[in-house]
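Peer 1: My questions will all concern the structure given below.
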Amino acid sequence: MSPRTTFEQELAALRENMISMGRGIEQAFDTLLAAIAVNDTKQLEEIQNNDRKINEMERKIEAECLSLITRQQPVLASDLRLVSSVMKAVSDMERIGDHAADIAEVAMRLDGINYKEYAKSMPLMLEETRKILCDAVELFLTRDKEKAREFYKRDDQIDDLFNAVKEEIVVCLKDGKKDKDACVDLLMVAKYLERIGDHSVNISEWEVFKETGTVKDYRIL
């Protein structure tokens with residue numbers, strides 16, 4: 001078997017593992033939203049426990065990437081970009097998994113309160129974060145560089161929703177009619193969602209790098 005054939009086989013295995021991690025992240029967030037909706041504490045606990053699996057997947061994929069670089073020594077710039085972008089993207093995916101687990105932990109403390117009664121924009125922020133996350137994973141896995149180029153604009157909506165939630169919670173605190181600890185916890189949830197939006201945009205930027213060698217219009221490779 002030629003070195004190139006071996007390299008392409010290992011790239012194919014890497015891609016399959018990347019798909020598994022991406023789908024795992026999407027499923028974790030879908031499960032999180034469903035658990036929050038009905039205050040399913042068992043599911044919320046499972047999301048926190050499953051974060052270890054996501055961490056393990058990240059380490060496995062990173063090890064595969066390093067193995068490809070050190071053993072196969074890719075000579076084509078496109079190959080090196082592919083491996084490098086995967087290493088970067090899985091790091092962002094792992095952070096998204098961490099934030100999902102963080103939200104699950106806070107949701108257990110909130111114990112089924114109606115988020116909308118504290119911040120009417122929170123349900124929309126949860127849903128829009130789910131969309132931006134899933135779309136970022138999809139465009140990376142399908143290598144859609146055209147959508148990836150414009151993806152950064154999607155983060156503006158998440159930022160606007162974060163600011164709206166923040167303002168609504170400030171009003172709650174000033175009125176003094178709602179539980180103050182719950183207000184603080186909901187603000188933490190909003191911040192985690194905002195960070196998930198940031199990491200989703202990062203994933204799209206690594207897709208652009210994978211295809212073009214540029215990040216934020218700077219040529220790297």
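By order in the structure tokens, chains are A, B, ...; within a chain, residues start at 1; ligands start at 1, following the order shown.
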Just want the 10 Å neighbourhood of segment 176-178 of chain A, counted on only C-alpha atoms, with same-chain residues fewer than 6 positions away dropped. Output as a PyMOL selection string.
Peer 2: chain A and resi 117-118+169-170
Peer 1: Please, could you write that set of residues out with N, CA, C and O atoms as a short mmCIF file (atom, residue, chain, number, x, y, z; two decimals), in the first residue's frame?
Peer 2:
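File again20.cif, as written:
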```
data_model
loop_
_atom_site.label_atom_id
_atom_site.label_comp_id
_atom_site.auth_asym_id
_atom_site.auth_seq_id
_atom_site.Cartn_x
_atom_site.Cartn_y
_atom_site.Cartn_z
N GLU A 117 -40.42 34.17 32.28
CA GLU A 117 -40.92 35.11 33.28
C GLU A 117 -39.83 36.04 33.79
O GLU A 117 -40.11 37.11 34.31
N TYR A 118 -38.59 35.63 33.64
CA TYR A 118 -37.45 36.45 34.05
C TYR A 118 -36.88 37.23 32.88
O TYR A 118 -36.46 38.38 33.04
N ILE A 169 -33.07 40.99 32.67
CA ILE A 169 -32.73 40.50 34.01
C ILE A 169 -32.41 41.66 34.95
O ILE A 169 -32.76 41.63 36.14
N VAL A 170 -31.78 42.69 34.42
CA VAL A 170 -31.52 43.89 35.23
C VAL A 170 -32.83 44.49 35.73
O VAL A 170 -32.95 44.90 36.89
#
```
Peer 1: Give me, as a count of residues only, all polymer residues having an atom no more than 9 Å from segment 181-187 of chain A, counting only C-alpha atoms and skipping those fewer than 4 positions away in the same chain.
Peer 2: 18
Peer 1: For Arg219 of chain A, work out the shell of residues within 12 Å, counting only C-alpha atoms and skipping chain neighbours fewer than 3 positions away, then give it as a PyMOL selection string.
Peer 2: chain A and resi 81+208-216
Peer 1: Which residues come within 12 Å of Lys131 of chain A, counting only C-alpha atoms, excluding same-chain residues fewer than 2 positions away, as a PyMOL selection string?
Peer 2: chain A and resi 26+29-30+33+124-129+133-138+151+154-155+157-158+193+196-197+200-201
Peer 1: What gap, in Å, lies between atom CA of Asp198 of chain A and atom CA of Leu68 of chain A?
Peer 2: 28.4 Å
Peer 1: Do you have the atom CA of Asp98 of chain A-atom CA of Leu82 of chain A distance handy?
Peer 2: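 Atom CA of Leu82 of chain A lies 24.4 Å from atom CA of Asp98 of chain A.
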Peer 1: So that I can see what lies close to Ala100 of chain A, please list as an NGL selection string the residues with an atom at most 9 Å from it, counting only C-alpha atoms and leaving out residues fewer than 4 positions away in the same chain.
Peer 2: :A and (25 or 28-29 or 32 or 47-48 or 51 or 95-96 or 104-105 or 192-193 or 196)
Peer 1: By how many Å are atom CA of Ile103 of chain A and atom CA of Lys180 of chain A apart?
Peer 2: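 Separation of atom CA of Ile103 of chain A and atom CA of Lys180 of chain A: 17.7 Å.
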Peer 1: Which is closer to Ala34 of chain A than all the others in A:Lys116, A:Ala12, A:Gln73, A:Pro123, using only C-alpha atoms?
Peer 2: A:Pro123
Peer 1: Where in segment 140-217 of chain A does DSSP assign helix (DSSP H, G or I), given as an MDAnalysis selection string?
Peer 2: chainID A and resid 140:142 145:149 151:175 180:212
Peer 1: Using only C-alpha atoms, find the one residue out of A:Ala63, A:Met21, A:Val189, A:Val38 that sits nearest to Ala89 of chain A.
Peer 2: A:Met21
